[in-house]
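Visitor: The file below is target08.txt, compact mmCIF, N, CA and C atoms:
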```txt
# COMPACT_ATOMS: atom_id res chain seq x y z
N MET T 244 114.08 112.99 4.40
CA MET T 244 114.09 114.28 3.76
C MET T 244 115.42 114.51 3.02
N GLN T 245 116.52 114.13 3.65
CA GLN T 245 117.81 114.32 3.02
C GLN T 245 117.90 113.50 1.73
N ALA T 246 117.40 112.25 1.77
CA ALA T 246 117.43 111.41 0.57
C ALA T 246 116.63 112.06 -0.55
N LEU T 247 115.50 112.65 -0.22
CA LEU T 247 114.68 113.32 -1.21
C LEU T 247 115.41 114.50 -1.83
N SER T 248 116.11 115.26 -1.00
CA SER T 248 116.84 116.41 -1.54
C SER T 248 117.94 115.95 -2.50
N HIS T 249 118.56 114.80 -2.21
CA HIS T 249 119.58 114.27 -3.12
C HIS T 249 118.94 113.84 -4.43
N GLU T 250 117.70 113.36 -4.36
CA GLU T 250 117.00 112.95 -5.56
C GLU T 250 116.73 114.16 -6.45
N LEU T 251 116.38 115.28 -5.86
CA LEU T 251 115.97 116.44 -6.63
C LEU T 251 117.16 117.19 -7.24
N HIS T 252 118.17 117.41 -6.46
CA HIS T 252 119.36 118.09 -6.99
C HIS T 252 120.54 117.74 -6.11
N SER T 253 121.53 117.17 -6.70
CA SER T 253 122.70 116.80 -5.92
C SER T 253 123.78 117.87 -6.00
N SER T 254 123.92 118.61 -4.91
CA SER T 254 124.99 119.62 -4.87
C SER T 254 126.35 118.94 -4.91
N LYS T 255 126.37 117.64 -4.62
CA LYS T 255 127.63 116.90 -4.68
C LYS T 255 128.22 116.93 -6.08
N LEU T 256 127.37 117.02 -7.11
CA LEU T 256 127.88 117.10 -8.47
C LEU T 256 128.85 118.27 -8.61
N GLU T 257 128.47 119.39 -8.02
CA GLU T 257 129.30 120.59 -8.11
C GLU T 257 130.53 120.49 -7.21
N TYR T 258 130.36 120.00 -5.99
CA TYR T 258 131.44 120.02 -5.01
C TYR T 258 132.43 118.88 -5.17
N LEU T 259 131.94 117.69 -5.47
CA LEU T 259 132.83 116.53 -5.58
C LEU T 259 133.33 116.30 -6.99
N GLY T 260 132.55 116.75 -7.95
CA GLY T 260 132.80 116.38 -9.35
C GLY T 260 131.79 115.31 -9.72
N VAL T 261 131.60 115.14 -11.01
CA VAL T 261 130.52 114.28 -11.50
C VAL T 261 130.70 112.82 -11.10
N VAL T 262 131.85 112.23 -11.40
CA VAL T 262 132.02 110.80 -11.15
C VAL T 262 131.98 110.48 -9.65
N PRO T 263 132.71 111.21 -8.80
CA PRO T 263 132.60 110.92 -7.36
C PRO T 263 131.17 111.10 -6.82
N ALA T 264 130.45 112.08 -7.35
CA ALA T 264 129.07 112.31 -6.89
C ALA T 264 128.17 111.16 -7.31
N ILE T 265 128.34 110.68 -8.53
CA ILE T 265 127.54 109.54 -8.99
C ILE T 265 127.87 108.30 -8.17
N ARG T 266 129.17 108.09 -7.91
CA ARG T 266 129.58 106.95 -7.08
C ARG T 266 128.92 107.02 -5.70
N SER T 267 128.98 108.21 -5.09
CA SER T 267 128.40 108.41 -3.77
C SER T 267 126.89 108.18 -3.79
N TRP T 268 126.21 108.71 -4.80
CA TRP T 268 124.76 108.53 -4.88
C TRP T 268 124.41 107.05 -5.05
N CYS T 269 125.17 106.33 -5.88
CA CYS T 269 124.91 104.90 -6.08
C CYS T 269 125.05 104.14 -4.75
N ARG T 270 126.09 104.48 -3.99
CA ARG T 270 126.29 103.82 -2.69
C ARG T 270 125.12 104.09 -1.76
N GLU T 271 124.74 105.37 -1.65
CA GLU T 271 123.62 105.74 -0.76
C GLU T 271 122.31 105.11 -1.22
N PHE T 272 122.06 105.14 -2.51
CA PHE T 272 120.82 104.57 -3.05
C PHE T 272 120.78 103.06 -2.79
N GLY T 273 121.91 102.39 -3.03
CA GLY T 273 121.98 100.95 -2.77
C GLY T 273 121.70 100.62 -1.32
N GLU T 274 122.25 101.43 -0.41
CA GLU T 274 122.01 101.20 1.02
C GLU T 274 120.53 101.39 1.36
N ARG T 275 119.93 102.46 0.83
CA ARG T 275 118.50 102.71 1.10
C ARG T 275 117.61 101.60 0.54
N GLN T 276 117.98 101.10 -0.63
CA GLN T 276 117.14 100.10 -1.30
C GLN T 276 117.54 98.66 -0.96
N LYS T 277 118.58 98.51 -0.14
CA LYS T 277 119.10 97.19 0.20
C LYS T 277 119.42 96.39 -1.07
N THR T 278 120.14 97.07 -1.96
CA THR T 278 120.53 96.51 -3.25
C THR T 278 122.02 96.79 -3.45
N GLU T 279 122.73 95.80 -4.00
CA GLU T 279 124.15 96.01 -4.30
C GLU T 279 124.27 96.74 -5.64
N ILE T 280 124.91 97.89 -5.59
CA ILE T 280 125.20 98.63 -6.81
C ILE T 280 126.70 98.47 -7.04
N ASP T 281 127.07 97.68 -8.03
CA ASP T 281 128.47 97.43 -8.35
C ASP T 281 128.93 98.55 -9.27
N PHE T 282 129.63 99.56 -8.70
CA PHE T 282 130.03 100.75 -9.43
C PHE T 282 131.49 100.67 -9.83
N LYS T 283 131.76 100.90 -11.12
CA LYS T 283 133.13 100.95 -11.63
C LYS T 283 133.28 102.20 -12.46
N ASP T 284 134.47 102.82 -12.39
CA ASP T 284 134.70 103.99 -13.22
C ASP T 284 136.14 104.03 -13.69
N ASP T 285 136.30 104.65 -14.85
CA ASP T 285 137.62 104.89 -15.41
C ASP T 285 137.50 106.17 -16.25
N VAL T 286 137.56 107.30 -15.57
CA VAL T 286 137.41 108.60 -16.23
C VAL T 286 138.59 109.46 -15.80
N SER T 287 139.36 109.97 -16.79
CA SER T 287 140.55 110.73 -16.45
C SER T 287 140.37 112.24 -16.57
N HIS T 288 139.35 112.69 -17.30
CA HIS T 288 139.11 114.13 -17.45
C HIS T 288 137.85 114.53 -16.70
N PRO T 289 137.78 115.76 -16.24
CA PRO T 289 136.54 116.21 -15.58
C PRO T 289 135.37 116.17 -16.56
N VAL T 290 134.24 115.71 -16.07
CA VAL T 290 133.02 115.68 -16.87
C VAL T 290 132.29 117.00 -16.63
N PRO T 291 131.98 117.75 -17.69
CA PRO T 291 131.27 119.03 -17.51
C PRO T 291 129.97 118.84 -16.73
N LEU T 292 129.64 119.83 -15.92
CA LEU T 292 128.47 119.75 -15.05
C LEU T 292 127.18 119.48 -15.82
N GLU T 293 127.00 120.13 -16.97
CA GLU T 293 125.79 119.92 -17.75
C GLU T 293 125.63 118.46 -18.16
N ILE T 294 126.73 117.85 -18.61
CA ILE T 294 126.71 116.43 -18.98
C ILE T 294 126.50 115.58 -17.74
N GLY T 295 127.19 115.94 -16.67
CA GLY T 295 127.07 115.18 -15.42
C GLY T 295 125.66 115.17 -14.90
N LEU T 296 124.98 116.30 -14.94
CA LEU T 296 123.60 116.36 -14.46
C LEU T 296 122.70 115.49 -15.32
N CYS T 297 122.91 115.51 -16.62
CA CYS T 297 122.14 114.66 -17.53
C CYS T 297 122.35 113.18 -17.17
N LEU T 298 123.60 112.77 -17.04
CA LEU T 298 123.91 111.38 -16.72
C LEU T 298 123.34 111.00 -15.36
N PHE T 299 123.46 111.91 -14.40
CA PHE T 299 122.95 111.67 -13.05
C PHE T 299 121.43 111.43 -13.08
N ARG T 300 120.69 112.26 -13.81
CA ARG T 300 119.23 112.10 -13.88
C ARG T 300 118.83 110.81 -14.59
N ILE T 301 119.53 110.47 -15.66
CA ILE T 301 119.22 109.22 -16.36
C ILE T 301 119.53 108.03 -15.46
N LEU T 302 120.66 108.10 -14.77
CA LEU T 302 121.03 107.03 -13.84
C LEU T 302 119.97 106.87 -12.75
N GLN T 303 119.50 107.98 -12.20
CA GLN T 303 118.46 107.90 -11.18
C GLN T 303 117.22 107.19 -11.72
N GLU T 304 116.77 107.59 -12.90
CA GLU T 304 115.59 106.97 -13.51
C GLU T 304 115.82 105.48 -13.75
N ALA T 305 116.98 105.15 -14.31
CA ALA T 305 117.28 103.76 -14.62
C ALA T 305 117.35 102.89 -13.37
N LEU T 306 118.00 103.40 -12.31
CA LEU T 306 118.11 102.60 -11.09
C LEU T 306 116.77 102.47 -10.37
N HIS T 307 115.97 103.54 -10.37
CA HIS T 307 114.63 103.44 -9.79
C HIS T 307 113.81 102.38 -10.54
N ASN T 308 113.90 102.40 -11.87
CA ASN T 308 113.17 101.41 -12.67
C ASN T 308 113.68 100.00 -12.38
N ALA T 309 114.99 99.84 -12.29
CA ALA T 309 115.55 98.52 -12.02
C ALA T 309 115.06 97.99 -10.67
N ILE T 310 115.05 98.84 -9.66
CA ILE T 310 114.59 98.43 -8.33
C ILE T 310 113.10 98.05 -8.40
N LYS T 311 112.34 98.87 -9.08
CA LYS T 311 110.89 98.70 -9.13
C LYS T 311 110.45 97.47 -9.95
N TYR T 312 111.14 97.22 -11.06
CA TYR T 312 110.64 96.23 -12.02
C TYR T 312 111.50 94.98 -12.21
N SER T 313 112.81 95.06 -11.97
CA SER T 313 113.67 93.94 -12.36
C SER T 313 113.59 92.74 -11.43
N GLY T 314 113.36 93.00 -10.14
CA GLY T 314 113.33 91.90 -9.19
C GLY T 314 114.70 91.47 -8.71
N VAL T 315 115.75 92.20 -9.05
CA VAL T 315 117.10 91.81 -8.64
C VAL T 315 117.58 92.67 -7.48
N LYS T 316 118.61 92.19 -6.82
CA LYS T 316 119.22 92.92 -5.71
C LYS T 316 120.67 93.28 -6.01
N ARG T 317 121.03 93.24 -7.30
CA ARG T 317 122.38 93.62 -7.73
C ARG T 317 122.28 94.27 -9.10
N ILE T 318 122.89 95.47 -9.23
CA ILE T 318 122.87 96.21 -10.48
C ILE T 318 124.30 96.69 -10.74
N GLU T 319 124.74 96.61 -11.98
CA GLU T 319 126.07 97.08 -12.36
C GLU T 319 125.97 98.46 -12.99
N VAL T 320 126.86 99.36 -12.56
CA VAL T 320 126.94 100.70 -13.14
C VAL T 320 128.41 100.93 -13.49
N GLU T 321 128.65 101.33 -14.74
CA GLU T 321 130.01 101.59 -15.19
C GLU T 321 130.06 102.94 -15.88
N VAL T 322 131.04 103.76 -15.52
CA VAL T 322 131.26 105.06 -16.15
C VAL T 322 132.70 105.07 -16.63
N VAL T 323 132.90 105.14 -17.95
CA VAL T 323 134.25 105.12 -18.50
C VAL T 323 134.39 106.21 -19.55
N GLU T 324 135.63 106.63 -19.72
CA GLU T 324 135.96 107.62 -20.73
C GLU T 324 136.76 106.93 -21.83
N ARG T 325 136.31 107.10 -23.08
CA ARG T 325 137.01 106.55 -24.23
C ARG T 325 136.85 107.51 -25.40
N SER T 326 137.93 107.81 -26.07
CA SER T 326 137.89 108.62 -27.31
C SER T 326 137.09 109.91 -27.14
N ASN T 327 137.38 110.66 -26.09
CA ASN T 327 136.70 111.94 -25.83
C ASN T 327 135.20 111.80 -25.63
N GLU T 328 134.78 110.63 -25.17
CA GLU T 328 133.37 110.40 -24.86
C GLU T 328 133.28 109.78 -23.47
N VAL T 329 132.17 110.02 -22.82
CA VAL T 329 131.89 109.32 -21.57
C VAL T 329 130.81 108.28 -21.89
N HIS T 330 131.06 107.07 -21.42
CA HIS T 330 130.15 105.95 -21.65
C HIS T 330 129.63 105.49 -20.29
N VAL T 331 128.33 105.36 -20.21
CA VAL T 331 127.70 104.85 -18.98
C VAL T 331 126.93 103.59 -19.35
N LYS T 332 127.13 102.56 -18.54
CA LYS T 332 126.39 101.31 -18.74
C LYS T 332 125.70 100.97 -17.43
N ILE T 333 124.41 100.69 -17.50
CA ILE T 333 123.63 100.29 -16.34
C ILE T 333 123.02 98.94 -16.71
N LYS T 334 123.32 97.92 -15.93
CA LYS T 334 122.93 96.56 -16.31
C LYS T 334 122.36 95.80 -15.12
N ASP T 335 121.26 95.10 -15.39
CA ASP T 335 120.72 94.17 -14.39
C ASP T 335 120.40 92.86 -15.10
N SER T 336 120.27 91.81 -14.34
CA SER T 336 119.96 90.50 -14.92
C SER T 336 118.54 90.07 -14.51
N GLY T 337 117.67 91.05 -14.40
CA GLY T 337 116.32 90.80 -13.90
C GLY T 337 115.30 90.42 -14.95
N ARG T 338 114.06 90.78 -14.67
CA ARG T 338 112.92 90.37 -15.49
C ARG T 338 112.97 90.88 -16.92
N GLY T 339 113.58 92.04 -17.13
CA GLY T 339 113.60 92.61 -18.47
C GLY T 339 112.20 93.04 -18.89
N PHE T 340 112.07 93.51 -20.12
CA PHE T 340 110.77 93.96 -20.61
C PHE T 340 110.79 94.02 -22.13
N ASP T 341 109.62 94.12 -22.70
CA ASP T 341 109.45 94.27 -24.15
C ASP T 341 109.53 95.76 -24.45
N ILE T 342 110.63 96.20 -25.06
CA ILE T 342 110.86 97.63 -25.30
C ILE T 342 109.75 98.23 -26.16
N GLU T 343 109.33 97.54 -27.20
CA GLU T 343 108.30 98.08 -28.09
C GLU T 343 106.98 98.27 -27.36
N ALA T 344 106.63 97.34 -26.48
CA ALA T 344 105.39 97.47 -25.71
C ALA T 344 105.46 98.67 -24.78
N ILE T 345 106.63 98.90 -24.18
CA ILE T 345 106.80 100.05 -23.28
C ILE T 345 106.68 101.34 -24.08
N LYS T 346 107.29 101.39 -25.26
CA LYS T 346 107.22 102.60 -26.09
C LYS T 346 105.78 102.93 -26.48
N ARG T 347 104.96 101.91 -26.68
CA ARG T 347 103.55 102.13 -27.05
C ARG T 347 102.72 102.55 -25.84
N GLY T 348 103.23 102.30 -24.64
CA GLY T 348 102.50 102.62 -23.42
C GLY T 348 102.58 104.10 -23.07
N SER T 349 102.11 104.40 -21.86
CA SER T 349 102.03 105.81 -21.44
C SER T 349 103.18 106.25 -20.55
N GLY T 350 104.12 105.35 -20.26
CA GLY T 350 105.23 105.71 -19.38
C GLY T 350 106.15 106.74 -20.01
N LEU T 351 106.69 107.62 -19.19
CA LEU T 351 107.56 108.68 -19.69
C LEU T 351 109.04 108.41 -19.43
N GLY T 352 109.36 107.36 -18.70
CA GLY T 352 110.75 107.11 -18.31
C GLY T 352 111.71 107.01 -19.45
N LEU T 353 111.43 106.13 -20.43
CA LEU T 353 112.35 105.95 -21.55
C LEU T 353 112.40 107.20 -22.41
N THR T 354 111.25 107.82 -22.64
CA THR T 354 111.21 109.05 -23.42
C THR T 354 112.02 110.14 -22.74
N SER T 355 111.87 110.27 -21.43
CA SER T 355 112.61 111.27 -20.67
C SER T 355 114.11 111.04 -20.80
N MET T 356 114.55 109.79 -20.68
CA MET T 356 115.97 109.47 -20.82
C MET T 356 116.48 109.86 -22.20
N GLN T 357 115.71 109.53 -23.24
CA GLN T 357 116.12 109.84 -24.61
C GLN T 357 116.21 111.35 -24.83
N GLU T 358 115.24 112.08 -24.32
CA GLU T 358 115.24 113.54 -24.47
C GLU T 358 116.42 114.17 -23.74
N ARG T 359 116.69 113.70 -22.53
CA ARG T 359 117.81 114.25 -21.76
C ARG T 359 119.14 114.06 -22.49
N VAL T 360 119.37 112.87 -23.01
CA VAL T 360 120.66 112.58 -23.63
C VAL T 360 120.82 113.37 -24.95
N LYS T 361 119.72 113.64 -25.64
CA LYS T 361 119.78 114.45 -26.86
C LYS T 361 120.25 115.87 -26.55
N LEU T 362 119.88 116.39 -25.39
CA LEU T 362 120.25 117.75 -25.01
C LEU T 362 121.77 117.94 -24.89
N VAL T 363 122.50 116.86 -24.66
CA VAL T 363 123.97 116.95 -24.55
C VAL T 363 124.65 116.23 -25.72
N ASN T 364 123.92 116.13 -26.85
CA ASN T 364 124.44 115.52 -28.08
C ASN T 364 124.88 114.08 -27.90
N GLY T 365 124.20 113.37 -27.01
CA GLY T 365 124.56 111.98 -26.74
C GLY T 365 123.60 111.01 -27.40
N ALA T 366 123.84 109.74 -27.12
CA ALA T 366 123.01 108.66 -27.64
C ALA T 366 122.73 107.67 -26.52
N ILE T 367 121.57 107.04 -26.59
CA ILE T 367 121.21 106.03 -25.60
C ILE T 367 120.70 104.80 -26.34
N ASN T 368 121.11 103.65 -25.87
CA ASN T 368 120.66 102.38 -26.44
C ASN T 368 120.19 101.50 -25.29
N ILE T 369 118.97 101.01 -25.40
CA ILE T 369 118.40 100.17 -24.35
C ILE T 369 118.17 98.79 -24.92
N GLU T 370 118.76 97.79 -24.27
CA GLU T 370 118.59 96.40 -24.67
C GLU T 370 117.88 95.68 -23.54
N SER T 371 116.76 95.05 -23.86
CA SER T 371 116.04 94.31 -22.83
C SER T 371 115.16 93.27 -23.49
N LYS T 372 115.04 92.15 -22.83
CA LYS T 372 114.12 91.10 -23.27
C LYS T 372 113.49 90.52 -22.01
N PRO T 373 112.22 90.13 -22.12
CA PRO T 373 111.59 89.52 -20.94
C PRO T 373 112.42 88.34 -20.43
N MET T 374 112.65 88.34 -19.14
CA MET T 374 113.41 87.33 -18.40
C MET T 374 114.89 87.28 -18.77
N ALA T 375 115.41 88.32 -19.43
CA ALA T 375 116.82 88.31 -19.83
C ALA T 375 117.55 89.59 -19.41
N GLY T 376 116.96 90.37 -18.50
CA GLY T 376 117.65 91.54 -17.99
C GLY T 376 117.59 92.74 -18.92
N THR T 377 118.18 93.82 -18.44
CA THR T 377 118.18 95.09 -19.17
C THR T 377 119.57 95.71 -19.10
N THR T 378 120.02 96.25 -20.23
CA THR T 378 121.27 97.00 -20.28
C THR T 378 121.00 98.32 -20.97
N ILE T 379 121.42 99.40 -20.33
CA ILE T 379 121.29 100.73 -20.90
C ILE T 379 122.69 101.26 -21.16
N HIS T 380 122.96 101.64 -22.41
CA HIS T 380 124.25 102.23 -22.80
C HIS T 380 124.01 103.69 -23.14
N ILE T 381 124.80 104.57 -22.56
CA ILE T 381 124.71 106.00 -22.85
C ILE T 381 126.10 106.44 -23.29
N THR T 382 126.16 107.20 -24.38
CA THR T 382 127.41 107.75 -24.88
C THR T 382 127.23 109.23 -25.09
N VAL T 383 128.13 110.04 -24.50
CA VAL T 383 128.04 111.49 -24.63
C VAL T 383 129.44 112.03 -24.94
N PRO T 384 129.56 112.86 -25.99
CA PRO T 384 130.87 113.47 -26.27
C PRO T 384 131.25 114.43 -25.14
N LEU T 385 132.52 114.40 -24.74
CA LEU T 385 132.99 115.29 -23.68
C LEU T 385 133.31 116.69 -24.19
N ARG T 386 133.70 116.78 -25.43
CA ARG T 386 134.02 118.09 -26.00
C ARG T 386 133.24 118.23 -27.30
N SER T 387 132.65 119.38 -27.50
CA SER T 387 131.93 119.60 -28.76
C SER T 387 132.95 119.86 -29.87
N GLU T 388 132.62 119.32 -31.02
CA GLU T 388 133.53 119.47 -32.18
C GLU T 388 133.28 120.84 -32.81
N GLY T 389 134.35 121.44 -33.32
CA GLY T 389 134.16 122.66 -34.09
C GLY T 389 134.79 123.84 -33.54
```
Please express what this file holds, its structure, as structure tokens.
Guide:
Amino acid sequence: MQALSHELHSSKLEYLGVVPAIRSWCREFGERQKTEIDFKDDVSHPVPLEIGLCLFRILQEALHNAIKYSGVKRIEVEVVERSNEVHVKIKDSGRGFDIEAIKRGSGLGLTSMQERVKLVNGAINIESKPMAGTTIHITVPLRSEG
């Protein structure tokens, strides 16, 4: 039940801050799934809660998909700050997939990720090929211009 509540809304985002909460969730998720989540971060400024929640939800979707489809027991997650942007990379070396075939299908995962990142003026790039793993890059500006 506690794991489910963390899936739905992580109060840790508010109490710990975005990056520590994501680190904590990755550790707990890896333990539950018996998967190594190699988490690295280099963020010097606080990430606004709205951006953090977006990144947290995309990360949840991406890691669930990696566990379900990739066939690997190790996933890399990196959160770094560069040039007033936060960059998130989620990478596995698993089965991969045909992105165009997935887009033509009925799954909502990729669409949901794209819609979420648009809400915070960010961009998402998904690279995947069958039998060559998947890498998801997310870039979100930390401060709005203007």
Visitor: Identify the residues within 5 Å of coordinate (124.4, 105.5, -26.5) (same frame as the file), considering only N, CA and C atoms, and give the answer as an MDAnalysis selection string.
Guide: chainID T and resid 366:368 380:382
Visitor: With distances taken over all atoms listed in the file, which of T:Glu257, T:Glu328, T:Glu358, T:Asp281 is nearest to Arg386 of chain T?
Guide: T:Glu328
Visitor: Please identify the strand (DSSP E) residues within segment 254-349 of chain T (assignment by DSSP from backbone atoms) and present them as a list in words.
Guide: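 Taking segment 254-349 of chain T and keeping strand (DSSP E) gives Glu279, Ile280, Asp281, Phe282, Lys283, Asp284, Asp285, Arg317, Ile318, Glu319, Val320, Glu321, Val322, Val323, Glu324, Arg325, Glu328, Val329, His330, Val331, Lys332, Ile333, Lys334 and Asp335 of chain T.
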Visitor: Could you tell me how far atom N of Lys361 of chain T sits from atom C of Ile280 of chain T, in Å to one decimal place?
Guide: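 Between these atoms lies a distance of 25.0 Å.
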Visitor: Any chance you could work out the axis-aligned box around segment 327-334 of chain T, listed atoms only, 4 Å on each side, giving centre and edge lengths in Å to one decimal, as lines of an AutoDock Vina configuration file?
Guide:
```
center_x = 129.9
center_y = 103.9
center_z = -20.6
size_x = 23.0
size_y = 24.1
size_z = 19.0
```
Visitor: Identify the residues within 8 Å of coordinate (129.4, 104.2, -14.2) (same frame as the file), considering only C-alpha atoms, and give the answer as a list in words.
Guide: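 So the residues meeting the distance criterion are Val262, Ile265, Arg266, Phe282, Lys283, Asp284, Val320, Glu321, Val322, Val323, His330, Val331, Lys332 and Ile333 of chain T.
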Visitor: As an exercise, work out the distance from atom C of Cys297 of chain T to atom N of Leu362 of chain T in Å and give it to one decimal place.
Guide: 9.2 Å
Visitor: If we count all atoms listed in the file and set the cut-off at 7 Å, which residues sit around Ala375 of chain T, ignoring sequence neighbours fewer than 3 positions away in its own chain? Please answer as a ChimeraX atom specification.
Guide: /T:335-340,371-372
Visitor: From the set T:Met374, T:Leu385, T:Ile379, T:Leu259, which residue has the shortest atom-to-atom contact distance to Glu319 of chain T, counting only C-alpha atoms?
Guide: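 Nearest to Glu319 of chain T: T:Ile379.
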Visitor: So which one's closest to Ile342 of chain T, T:Ile369, T:Val329, T:Ala305, T:Leu256? Using only C-alpha atoms, please.
Guide: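 For Ile342 of chain T, the nearest of the candidates is T:Ile369.
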Visitor: With a distance cut-off of 7 Å and only N, CA and C atoms, select the neighbouring residues of Pro291 of chain T, excluding the residue or stretch itself and same-chain residues fewer than 4 positions from it, and output the selection as a ChimeraX atom specification.
Guide: /T:261,295-296,385
Visitor: Once DSSP has gone over the backbone, tell me which residues of segment 244-369 of chain T are in alpha helix (DSSP H), as a VMD selection string.
Guide: chain T and resid 245 to 251 255 to 259 261 to 276 292 to 308 342 to 347 352 to 362
Visitor: When you count only C-alpha atoms, which of these residues is closest to Asn364 of chain T: T:Pro289, T:Gly273, T:Gly260, T:Pro384?
Guide: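 Closest to Asn364 of chain T, using only C-alpha atoms: T:Pro384.
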Visitor: Compare T:Cys269, T:Ala344, T:Leu292, T:Val360 by their minimum atom-to-atom distance to Ile318 of chain T, counting only C-alpha atoms, and give me the closest one.
Guide: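 Residue with the minimum atom-to-atom distance to Ile318 of chain T: T:Cys269.
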